[in-house]
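Visitor: If it helps, the file is called start-v6.cif and holds mmCIF, C-alpha atoms:
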```
data_entry
#
loop_
_atom_site.label_atom_id
_atom_site.label_comp_id
_atom_site.auth_asym_id
_atom_site.auth_seq_id
_atom_site.Cartn_x
_atom_site.Cartn_y
_atom_site.Cartn_z
CA MET X 1 -46.57 127.50 -13.11
CA VAL X 2 -42.94 128.07 -12.36
CA ASN X 3 -43.16 126.12 -9.12
CA ARG X 4 -44.67 123.16 -10.90
CA LYS X 5 -41.92 123.06 -13.47
CA VAL X 6 -39.28 123.24 -10.74
CA ALA X 7 -40.99 120.47 -8.88
CA LYS X 8 -41.02 118.39 -12.04
CA VAL X 9 -37.30 118.83 -12.52
CA LEU X 10 -36.68 118.12 -8.86
CA THR X 11 -38.29 114.70 -9.17
CA PHE X 12 -35.43 113.80 -11.47
CA ARG X 13 -32.79 115.25 -9.14
CA TYR X 14 -31.24 111.94 -8.18
CA LYS X 15 -31.04 110.87 -11.79
CA ILE X 16 -29.39 114.15 -12.70
CA LEU X 17 -26.88 113.79 -9.88
CA ALA X 18 -26.09 110.26 -10.90
CA GLY X 19 -25.61 111.45 -14.45
CA ILE X 20 -23.13 114.09 -13.35
CA PHE X 21 -21.12 111.54 -11.37
CA LEU X 22 -21.07 109.18 -14.33
CA LEU X 23 -19.77 111.95 -16.54
CA LEU X 24 -17.02 112.77 -14.07
CA ALA X 25 -16.06 109.12 -13.82
CA ALA X 26 -15.87 108.90 -17.60
CA GLY X 27 -13.63 111.93 -17.54
CA LEU X 28 -11.21 110.09 -15.26
CA VAL X 29 -10.91 107.27 -17.77
CA LEU X 30 -10.19 109.73 -20.55
CA LEU X 31 -7.49 111.57 -18.56
CA PRO X 32 -4.12 111.28 -20.24
CA LYS X 33 -1.91 108.61 -18.70
CA TYR X 34 0.51 109.98 -16.19
CA GLU X 35 3.39 108.93 -18.37
CA LYS X 36 6.07 110.99 -16.80
CA HIS X 37 5.68 109.43 -13.43
CA GLU X 38 6.11 105.88 -14.64
CA GLY X 39 8.18 103.44 -12.66
CA ILE X 40 9.34 103.39 -9.08
CA LYS X 41 9.79 106.46 -6.86
CA PRO X 42 12.99 108.48 -7.20
CA GLU X 43 13.87 107.80 -3.55
CA GLU X 44 13.51 104.07 -4.10
CA LEU X 45 15.56 104.25 -7.26
CA LEU X 46 18.31 106.07 -5.40
CA SER X 47 18.43 103.54 -2.58
CA ASN X 48 18.50 100.67 -5.08
CA ALA X 49 21.26 102.35 -7.03
CA ILE X 50 23.48 102.93 -4.03
CA SER X 51 23.58 99.34 -2.91
CA PRO X 52 26.77 97.71 -4.19
CA GLU X 53 24.86 94.47 -4.67
CA ARG X 54 24.06 95.43 -8.19
CA TYR X 55 27.66 94.94 -9.26
CA ILE X 56 29.07 91.59 -10.26
CA SER X 57 32.83 91.13 -10.34
CA THR X 58 34.65 89.77 -13.37
CA ASP X 59 35.78 86.73 -11.37
CA GLU X 60 32.20 85.85 -10.47
CA LEU X 61 31.12 86.24 -14.06
CA ALA X 62 33.98 84.12 -15.37
CA ASN X 63 33.13 81.45 -12.84
CA LYS X 64 29.51 81.49 -13.96
CA ILE X 65 30.41 81.18 -17.62
CA ILE X 66 32.88 78.35 -17.04
CA ASN X 67 30.41 76.40 -14.93
CA GLN X 68 27.76 76.96 -17.60
CA ASP X 69 25.38 78.53 -15.12
CA PRO X 70 22.07 78.76 -16.99
CA SER X 71 20.54 81.44 -14.77
CA PHE X 72 21.81 84.59 -16.43
CA ILE X 73 22.04 86.47 -19.71
CA MET X 74 24.61 89.10 -20.65
CA ILE X 75 23.51 92.27 -22.38
CA ASP X 76 26.27 94.21 -24.11
CA VAL X 77 25.20 97.85 -24.39
CA ARG X 78 28.11 99.04 -26.54
CA ASN X 79 27.59 99.88 -30.18
CA GLU X 80 27.76 97.20 -32.86
CA THR X 81 31.28 97.85 -34.14
CA GLU X 82 32.76 97.55 -30.68
CA PHE X 83 30.66 94.49 -30.00
CA ASN X 84 31.89 92.82 -33.18
CA LYS X 85 35.48 93.60 -32.28
CA TYR X 86 35.35 91.67 -29.07
CA SER X 87 32.54 90.44 -26.87
CA ILE X 88 32.29 88.05 -23.99
CA PRO X 89 31.09 84.70 -25.37
CA ASN X 90 27.29 84.32 -25.55
CA SER X 91 26.53 87.94 -24.74
CA ILE X 92 23.69 89.68 -26.54
CA ASN X 93 24.21 93.06 -28.17
CA ILE X 94 21.59 95.70 -27.39
CA PRO X 95 23.15 99.13 -28.04
CA LEU X 96 22.21 101.69 -25.39
CA LYS X 97 20.17 103.63 -27.93
CA LYS X 98 17.93 100.67 -28.57
CA LEU X 99 17.60 99.69 -24.92
CA LEU X 100 13.91 100.53 -24.62
CA ASP X 101 12.87 99.19 -28.02
CA ILE X 102 10.17 96.58 -28.09
CA ASP X 103 12.59 93.85 -29.18
CA ALA X 104 14.80 94.43 -26.17
CA ILE X 105 12.06 94.38 -23.55
CA GLY X 106 11.68 90.63 -23.88
CA TYR X 107 15.24 90.21 -22.65
CA LEU X 108 15.09 92.83 -19.93
CA ASN X 109 11.63 92.60 -18.42
CA GLN X 110 11.50 89.03 -17.17
CA SER X 111 12.11 87.34 -13.87
CA GLN X 112 13.59 84.09 -15.12
CA TYR X 113 17.17 85.16 -15.72
CA ASP X 114 19.60 87.55 -14.11
CA VAL X 115 20.49 90.29 -16.56
CA ILE X 116 24.12 91.45 -16.57
CA PHE X 117 24.89 94.71 -18.32
CA ILE X 118 28.29 95.02 -19.96
CA SER X 119 30.09 97.99 -21.50
CA ASN X 120 33.71 99.10 -21.81
CA ASP X 121 33.70 100.66 -18.36
CA HIS X 122 30.55 100.44 -16.35
CA PHE X 123 29.47 103.93 -17.36
CA TYR X 124 26.94 103.04 -20.06
CA ALA X 125 26.02 99.84 -18.29
CA ASP X 126 25.13 101.88 -15.20
CA GLN X 127 22.94 104.16 -17.25
CA ALA X 128 21.16 101.17 -18.72
CA TRP X 129 20.76 99.80 -15.22
CA MET X 130 19.27 103.05 -13.94
CA LEU X 131 16.72 103.20 -16.75
CA CYS X 132 15.65 99.60 -16.40
CA ASN X 133 15.53 99.75 -12.62
CA ARG X 134 13.25 102.76 -12.79
CA LEU X 135 10.87 100.69 -14.90
CA ASP X 136 11.01 98.08 -12.13
CA TYR X 137 12.64 95.33 -14.15
CA LYS X 138 13.97 92.59 -11.90
CA ASN X 139 17.34 90.91 -11.35
CA LEU X 140 19.57 93.48 -12.99
CA ARG X 141 23.32 93.50 -12.44
CA VAL X 142 26.27 95.43 -13.85
CA LEU X 143 29.68 93.99 -14.66
CA LYS X 144 32.03 96.03 -12.49
CA GLY X 145 34.75 97.64 -14.56
CA GLY X 146 33.28 96.27 -17.77
CA ILE X 147 35.34 94.87 -20.62
CA ASN X 148 38.45 96.83 -19.62
CA ASN X 149 38.50 95.20 -16.22
CA TRP X 150 37.64 91.88 -17.85
CA TYR X 151 40.82 92.22 -19.86
CA LEU X 152 42.96 93.20 -16.87
CA THR X 153 41.73 90.47 -14.56
CA ILE X 154 40.58 87.52 -16.62
CA ILE X 155 42.21 87.69 -20.04
CA ASN X 156 45.56 89.09 -18.97
CA PRO X 157 45.93 88.64 -15.20
CA THR X 158 49.04 90.09 -13.61
CA LYS X 159 51.27 87.63 -11.85
CA PRO X 160 51.47 88.26 -8.09
CA THR X 161 54.91 88.99 -6.72
CA ASP X 162 56.52 86.82 -4.08
CA ASN X 163 55.64 89.06 -1.16
CA MET X 164 51.90 88.90 -1.82
CA PRO X 165 49.55 86.74 0.26
CA ALA X 166 48.58 83.22 -0.74
CA GLU X 167 45.06 84.26 -1.72
CA ASP X 168 46.51 86.34 -4.52
CA PHE X 169 48.25 83.30 -5.91
CA GLU X 170 45.06 81.26 -5.74
CA LEU X 171 43.20 84.07 -7.45
CA TYR X 172 45.90 84.25 -10.08
CA SER X 173 45.76 80.54 -10.81
CA PHE X 174 41.97 80.74 -11.12
CA ARG X 175 42.21 83.73 -13.44
CA LYS X 176 44.88 82.06 -15.49
CA SER X 177 42.86 78.93 -16.02
CA ALA X 178 39.85 81.13 -16.78
CA SER X 179 41.84 82.98 -19.41
CA MET X 180 42.80 79.63 -20.97
CA PHE X 181 39.09 78.85 -21.09
CA PHE X 182 38.51 82.07 -23.01
CA GLY X 183 41.13 81.27 -25.60
CA VAL X 184 44.44 82.60 -24.28
CA VAL X 185 47.32 80.17 -24.73
CA TYR X 186 50.33 80.12 -22.44
CA PRO X 187 53.72 78.75 -23.48
CA GLU X 188 53.84 76.26 -20.61
CA GLN X 189 50.51 74.87 -21.74
CA LEU X 190 52.21 73.43 -24.82
CA LYS X 191 55.25 72.20 -22.95
CA VAL X 192 53.09 69.73 -21.07
CA GLU X 193 52.03 68.22 -24.36
CA LYS X 194 55.64 67.84 -25.51
CA LYS X 195 56.75 65.55 -22.69
CA PRO X 196 55.35 62.29 -24.17
CA GLU X 197 57.17 63.04 -27.42
CA VAL X 198 60.50 63.12 -25.63
CA LYS X 199 59.83 59.66 -24.17
CA LYS X 200 59.22 58.21 -27.60
CA VAL X 201 62.66 59.33 -28.67
CA THR X 202 64.49 57.22 -26.07
CA PRO X 203 63.68 53.74 -27.52
CA LYS X 204 65.06 54.86 -30.87
CA LYS X 205 68.39 55.55 -29.26
CA VAL X 206 68.60 52.11 -27.77
CA ILE X 207 68.40 50.36 -31.11
CA PRO X 208 71.52 51.80 -32.70
CA ILE X 209 73.53 50.91 -29.62
CA LYS X 210 72.63 47.25 -29.99
CA LYS X 211 73.74 47.26 -33.57
CA LYS X 212 77.08 48.64 -32.59
CA LYS X 213 77.70 45.61 -30.44
CA LYS X 214 77.08 43.29 -33.36
CA MET X 215 79.58 45.09 -35.56
CA PRO X 216 82.80 44.15 -33.77
CA VAL X 217 81.67 40.51 -33.71
CA GLU X 218 81.25 40.41 -37.47
CA GLY X 219 84.53 42.17 -37.97
CA GLY X 220 86.31 39.43 -35.96
CA CYS X 221 85.27 36.81 -38.54
CA MET D 1 -43.25 110.46 7.89
CA LYS D 2 -41.86 108.32 5.10
CA GLU D 3 -40.50 111.35 3.30
CA LEU D 4 -38.71 112.47 6.45
CA GLU D 5 -36.98 109.15 6.90
CA LYS D 6 -35.85 109.24 3.29
CA THR D 7 -34.22 112.65 3.64
CA LYS D 8 -32.57 111.52 6.88
CA ARG D 9 -30.95 108.60 5.14
CA ILE D 10 -29.87 110.76 2.25
CA SER D 11 -28.30 113.36 4.49
CA ILE D 12 -26.41 110.70 6.46
CA ALA D 13 -25.15 109.20 3.22
CA SER D 14 -24.06 112.56 1.83
CA VAL D 15 -22.27 113.52 5.05
CA LEU D 16 -20.40 110.24 4.98
CA PHE D 17 -19.53 110.72 1.33
CA ILE D 18 -18.15 114.19 1.94
CA LEU D 19 -16.19 112.91 4.94
CA VAL D 20 -14.59 110.18 2.85
CA VAL D 21 -13.61 112.68 0.19
CA LEU D 22 -12.17 115.04 2.80
CA ILE D 23 -10.17 112.33 4.50
CA GLY D 24 -8.86 111.25 1.13
CA LEU D 25 -7.77 114.77 0.29
CA LEU D 26 -6.18 115.44 3.66
CA THR D 27 -4.18 112.24 3.77
CA TYR D 28 -2.98 112.57 0.18
CA LYS D 29 0.68 113.39 0.27
CA ARG D 30 2.15 114.90 -2.78
CA PRO D 31 5.37 112.99 -3.45
CA LYS D 32 8.41 115.10 -2.69
CA HIS D 33 10.15 114.25 -5.89
CA MET D 34 8.38 113.74 -9.16
CA TYR D 35 9.93 112.63 -12.41
CA ALA D 36 9.73 115.31 -15.02
CA VAL D 37 11.14 113.22 -17.85
CA ASN D 38 9.97 109.75 -18.81
CA SER D 39 12.44 106.96 -19.49
CA LYS D 40 12.19 107.06 -23.28
CA THR D 41 13.12 110.74 -23.42
CA THR D 42 15.81 110.22 -20.83
CA LEU D 43 17.37 107.54 -22.98
CA GLU D 44 17.16 109.80 -25.99
CA ASN D 45 18.75 112.65 -24.08
CA ILE D 46 21.64 110.67 -22.70
CA THR D 47 22.46 109.12 -26.04
CA THR D 48 22.27 112.30 -28.08
CA GLU D 49 23.25 115.18 -25.84
CA ASN D 50 26.77 115.93 -24.79
CA TYR D 51 26.73 115.96 -21.03
CA LEU D 52 30.42 115.27 -20.49
CA ILE D 53 32.84 118.04 -19.70
CA SER D 54 36.59 117.95 -19.31
CA LEU D 55 38.74 119.60 -16.69
CA ASN D 56 39.94 122.44 -18.93
CA GLU D 57 36.40 123.46 -19.78
CA ILE D 58 35.47 123.54 -16.13
CA GLU D 59 38.23 125.97 -15.29
CA ASN D 60 37.32 128.33 -18.10
CA SER D 61 33.67 128.84 -17.38
CA ASP D 62 31.37 130.10 -14.67
CA VAL D 63 29.76 126.98 -13.34
CA ILE D 64 28.72 125.35 -10.12
CA LEU D 65 30.67 122.32 -9.03
CA ILE D 66 29.16 119.57 -6.97
CA ASP D 67 31.31 116.96 -5.29
CA ILE D 68 29.34 113.75 -4.88
CA ARG D 69 31.88 111.99 -2.68
CA ASN D 70 31.39 111.67 1.02
CA GLN D 71 32.29 114.36 3.48
CA TYR D 72 35.53 112.74 4.58
CA GLU D 73 36.92 112.64 1.07
CA PHE D 74 35.57 116.09 0.34
CA GLU D 75 37.43 117.55 3.26
CA LYS D 76 40.57 115.70 2.35
CA GLY D 77 40.69 117.56 -0.92
CA HIS D 78 38.29 118.96 -3.48
CA LEU D 79 38.16 121.27 -6.46
CA ASN D 80 37.90 124.99 -5.81
CA ASN D 81 34.44 126.31 -4.97
CA ALA D 82 32.85 122.90 -5.00
CA LEU D 83 29.74 122.07 -2.98
CA ASN D 84 29.55 118.75 -1.24
CA MET D 85 26.52 116.54 -1.85
CA TYR D 86 27.08 112.91 -1.01
CA ALA D 87 25.39 110.80 -3.69
CA PRO D 88 23.11 108.79 -1.35
CA GLU D 89 21.89 112.00 0.25
CA ILE D 90 21.21 113.85 -2.96
CA LEU D 91 17.44 113.71 -2.46
CA ASN D 92 17.28 114.95 1.13
CA GLU D 93 15.68 118.27 1.93
CA GLU D 94 18.79 120.34 2.34
CA ASN D 95 20.24 119.27 -0.97
CA THR D 96 17.02 119.57 -2.93
CA GLY D 97 16.68 123.08 -1.55
CA ILE D 98 20.11 124.01 -2.86
CA LEU D 99 19.46 122.31 -6.18
CA GLU D 100 16.13 124.09 -6.65
CA GLU D 101 17.87 127.38 -6.02
CA LEU D 102 20.55 126.56 -8.56
CA LYS D 103 17.91 125.49 -11.03
CA SER D 104 16.25 128.90 -10.88
CA THR D 105 19.56 130.68 -11.53
CA ASN D 106 19.94 128.57 -14.68
CA LYS D 107 23.63 127.94 -14.14
CA THR D 108 25.34 124.82 -15.38
CA ILE D 109 25.80 122.27 -12.64
CA ILE D 110 28.83 120.03 -12.95
CA MET D 111 29.11 116.92 -10.85
CA TYR D 112 32.25 114.99 -10.20
CA GLY D 113 33.48 112.10 -8.08
CA ASN D 114 36.54 109.93 -7.89
CA THR D 115 35.63 108.53 -11.29
CA PRO D 116 32.95 109.57 -13.79
CA GLU D 117 31.20 106.24 -13.18
CA GLU D 118 30.38 107.27 -9.62
CA VAL D 119 28.46 110.24 -10.91
CA VAL D 120 26.11 108.23 -13.11
CA VAL D 121 23.66 107.47 -10.32
CA PRO D 122 23.07 111.04 -9.05
CA PHE D 123 23.22 112.37 -12.60
CA MET D 124 20.56 110.01 -13.88
CA ILE D 125 18.27 110.69 -10.94
CA LEU D 126 18.55 114.45 -11.16
CA HIS D 127 18.20 114.35 -14.92
CA GLN D 128 14.99 112.39 -14.68
CA LEU D 129 13.70 114.79 -12.05
CA GLY D 130 13.96 117.54 -14.63
CA TYR D 131 17.28 119.28 -14.00
CA GLN D 132 18.45 120.37 -17.40
CA ASN D 133 21.89 121.96 -17.07
CA LEU D 134 23.64 118.96 -15.63
CA LYS D 135 27.06 117.80 -16.69
CA ILE D 136 29.44 115.07 -15.65
CA ALA D 137 33.10 115.94 -15.31
CA THR D 138 35.28 113.32 -16.96
CA ILE D 139 37.97 113.50 -14.35
CA LYS D 140 39.65 111.05 -12.10
CA ASN D 141 40.64 112.08 -8.62
CA SER D 142 43.36 110.35 -6.73
CA TYR D 143 45.68 111.16 -3.89
CA SER D 144 49.41 111.28 -3.86
CA GLN D 145 51.09 112.24 -0.62
CA ASN D 146 47.79 113.64 0.64
CA LYS D 147 47.44 115.91 -2.33
CA LEU D 148 44.47 115.70 -4.60
CA ILE D 149 45.47 114.92 -8.16
CA THR D 150 42.89 115.52 -10.83
CA GLN D 151 43.33 114.02 -14.26
CA ASN D 152 41.28 114.05 -17.41
CA ILE D 153 40.14 110.66 -18.59
CA VAL D 154 38.05 109.40 -21.47
CA VAL D 155 34.83 107.66 -20.58
CA GLU D 156 34.07 104.25 -22.07
CA LYS D 157 37.34 104.02 -23.91
CA SER D 158 38.30 100.54 -24.96
CA GLU D 159 41.71 100.05 -23.42
CA ALA D 160 42.84 96.83 -25.02
CA ASP D 161 42.22 94.83 -28.13
CA ILE D 162 41.42 91.50 -26.54
CA ASN D 163 41.17 89.54 -29.78
CA ALA D 164 44.61 90.73 -30.76
CA PHE D 165 45.94 89.76 -27.35
CA ILE D 166 44.52 86.26 -27.61
CA SER D 167 45.85 85.61 -31.09
CA GLU D 168 49.20 87.05 -30.02
CA SER D 169 49.32 84.65 -27.08
CA ILE D 170 48.58 81.74 -29.39
CA LYS D 171 51.35 82.83 -31.74
CA LYS D 172 53.81 83.26 -28.91
CA ALA D 173 53.04 79.85 -27.51
CA ALA D 174 53.28 78.26 -30.93
CA LEU D 175 56.65 79.87 -31.67
CA GLN D 176 58.46 78.65 -28.60
CA PRO D 177 58.11 74.85 -28.94
CA LYS D 178 59.16 74.74 -32.62
CA PRO D 179 62.95 75.11 -32.22
CA THR D 180 63.22 72.32 -29.64
CA PRO D 181 61.76 69.40 -31.70
CA LYS D 182 63.91 70.37 -34.70
CA ALA D 183 67.08 70.12 -32.67
CA VAL D 184 66.16 66.67 -31.39
CA LYS D 185 65.04 65.19 -34.69
CA THR D 186 68.06 65.93 -36.89
CA PRO D 187 70.74 64.02 -35.00
CA LYS D 188 68.51 60.98 -34.62
CA LYS D 189 67.99 60.39 -38.29
CA ILE D 190 71.49 60.82 -39.52
CA ILE D 191 73.44 58.57 -37.20
CA PRO D 192 71.63 55.21 -37.44
CA ILE D 193 71.17 55.30 -41.21
CA LYS D 194 74.82 55.79 -42.00
CA LYS D 195 75.90 52.97 -39.77
CA LYS D 196 73.54 50.52 -41.38
CA LYS D 197 75.05 51.15 -44.79
CA LYS D 198 78.55 50.54 -43.62
CA MET D 199 77.73 47.20 -42.05
CA PRO D 200 77.04 45.15 -45.19
CA VAL D 201 80.25 46.39 -46.78
CA GLU D 202 82.33 45.17 -43.89
CA GLY D 203 80.54 41.81 -43.93
CA GLY D 204 81.57 41.33 -47.60
CA CYS D 205 85.25 41.41 -46.67
#
```
Show the structure stored in the file as structure tokens.
Guide:
Amino acid sequence: MVNRKVAKVLTFRYKILAGIFLLLAAGLVLLPKYEKHEGIKPEELLSNAISPERYISTDELANKIINQDPSFIMIDVRNETEFNKYSIPNSINIPLKKLLDIDAIGYLNQSQYDVIFISNDHFYADQAWMLCNRLDYKNLRVLKGGINNWYLTIINPTKPTDNMPAEDFELYSFRKSASMFFGVVYPEQLKVEKKPEVKKVTPKKVIPIKKKKKMPVEGGC
Amino acid sequence: MKELEKTKRISIASVLFILVVLIGLLTYKRPKHMYAVNSKTTLENITTENYLISLNEIENSDVILIDIRNQYEFEKGHLNNALNMYAPEILNEENTGILEELKSTNKTIIMYGNTPEEVVVPFMILHQLGYQNLKIATIKNSYSQNKLITQNIVVEKSEADINAFISESIKKAALQPKPTPKAVKTPKKIIPIKKKKKMPVEGGC
């Protein structure tokens, strides 16, 4: 009797095996997502982070803005009050705390534009870069030196002294014109406008001289 | 006969199956470094926790210092009792060994470089790998006459009010031209008008 029952069960053995495998497979689907290990490998992240390519200099950025390069967006990761105080024109404010919010992902996770992170130094911007690079977002850059360096180089460039090489003077003239673009006014900028006014004054002077000549003639009569 | 052939096929299939599983298991390499913190929590941690430490606090407490600059700069001058771990090599075997050891002793690890910004990369990587007691020293190292000078600095401090600077520059530029036109205008007006008035009087004579 026992043998028969065993034999009966054994006829279903393949079906039972298949059932077990199906169950195991279903278990794999139900396994919790390996959330912690999201993104690229730590080694890859490190090698990406070390390459200096991820920095963009303030001069490059200014050049891009002035030429109205459409291929990039600027993300300002400072808090709102600092952003409202001063921000580079057309930059978008996403405070570091809200970096991984759903609203922000649209800006960060795309391959159409270069993303440039901006903060006061590049401390917070670097942190934002590290987080986004781990999630394998593309085309991320960091403004080297941040807003402070932006001020020192573009807004208020220091004049090179006479013993400095010619490149410095070229750089200075570029930075100066860039700073004019961003709203800084230099005294000599207005002097150029004054010159035509001075020319208009000269014809006025000529007229009274002519009248003087007429006077002695009338007096002679 | 048929039954025998069936079992043969099954046994071949099962042997192959087991082989595949074995090969899979043997070739599977466990990654050396695994993230222990996901990005959301990392972001939360770095925005809420205080992981910055100033020079005075370093001197007063029992901590482990890690210099993330390269060996050349490390040998040129470094803080007392600091270990050297060049940032790009932070994940190699030697360094991870040391870090694991430090992790088990539960001491605070403080990293520093020439500027705090340099430390962000190794800090963020180690933090995401699960090292908890990490801090960044907010110091700036520079050399003067071959001596290391360490200063405290404030991270992410806004150094200049750019809006104020721009409006100041506009004011300055606007102030300078004003005196010059005034000086030119006044003499012009007075001289011709007076002369015209005198002329008809003389003609009457």
Visitor: Just need the residues of chain D within 6 Å of chain X, counting all atoms listed in the file, so spit them out as a ChimeraX atom specification.
Guide: /D:35-38,117,156,158-159,166,169-170,173,192
Visitor: Pick out the residues sitting within 12 Å of range 72-80 of chain D, and hand them over as a ChimeraX atom specification; count all atoms listed in the file, and ignore anything fewer than 2 positions along from it in its own chain.
Guide: /D:55,58-59,63-70,82-86,110-114,137,139-151
Visitor: Within 12 Å of Thr96 in chain D, counting all atoms listed in the file, which residues qualify if same-chain residues fewer than 2 places away don't, as a VMD selection string?
Guide: chain D and resid 32 to 33 85 89 to 94 98 to 103 126 129 131
Visitor: Any idea what the distance is between CA of Gln68 in chain X and CA of Pro89 in chain X?
Guide: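 Interatomic distance, CA of Gln68 in chain X to CA of Pro89 in chain X: 11.5 Å.
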Visitor: So how many Å separate CA of Gln112 in chain X and CA of Asn48 in chain X, to one decimal?
Guide: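 Distance between the two atoms: 20.0 Å.
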Visitor: In Å to one decimal, how far is CA of Val115 in chain X from CA of Arg141 in chain X?
Guide: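 Atom-to-atom, CA of Arg141 in chain X to CA of Val115 in chain X, that is 5.9 Å.
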Visitor: Choose the residue, out of X:Asn3, X:Ser71, X:Asn139, X:Ser57, that has the smallest atom-to-atom separation from Gln110 in chain X; count only C-alpha atoms.
Guide: X:Asn139
Visitor: When distances are computed from all atoms listed in the file, which of X:Leu108, X:Val2, X:Ala178, X:Ile118 shows the smallest separation from Pro157 in chain X?
Guide: X:Ala178
Visitor: For Asp161 in chain D, which residue out of X:Phe83, X:Ala166, X:Ile92, X:Asp103 is the nearest one, using only C-alpha atoms?
Guide: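 Using only C-alpha atoms, Asp161 in chain D sits closest to X:Phe83.
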Visitor: Enumerate, as a ChimeraX atom specification, the residues matched when the PyMOL selection byres ((chain X and resi 62) around 10) is run on the file above.
Guide: /X:57-61,63-68,88,150,154,174-175,178-179,181-182
Visitor: Any idea what's packed within 9 Å of Thr42 in chain D, counting only C-alpha atoms, ignoring anything in its chain fewer than 2 positions away? Could you give it as a PyMOL selection string?
Guide: (chain X and resi 131) or (chain D and resi 37-40+44-47+124+127-128)
Visitor: What lies within 8 Å of Asn93 in chain X using all atoms listed in the file, ignoring chain neighbours under 6 positions off, as a list in words?
Guide: Ile75, Asp76, Val77, Arg78, Asn79, Glu80 and Phe83 of chain X
Visitor: May I have the protein, DNA and RNA residues with an atom at most 12 Å from (18.5, 89.0, -11.1), counting only C-alpha atoms in the file's coordinates, returned as a list in words?
Guide: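 It turns out the residues near that spot are Glu53, Arg54, Tyr55, Ile56, Ser71, Phe72, Ile73, Met74, Leu108, Asn109, Gln110, Ser111, Gln112, Tyr113, Asp114, Val115, Ile116, Phe117, Trp129, Asn133, Asp136, Tyr137, Lys138, Asn139, Leu140, Arg141 and Val142 of chain X.
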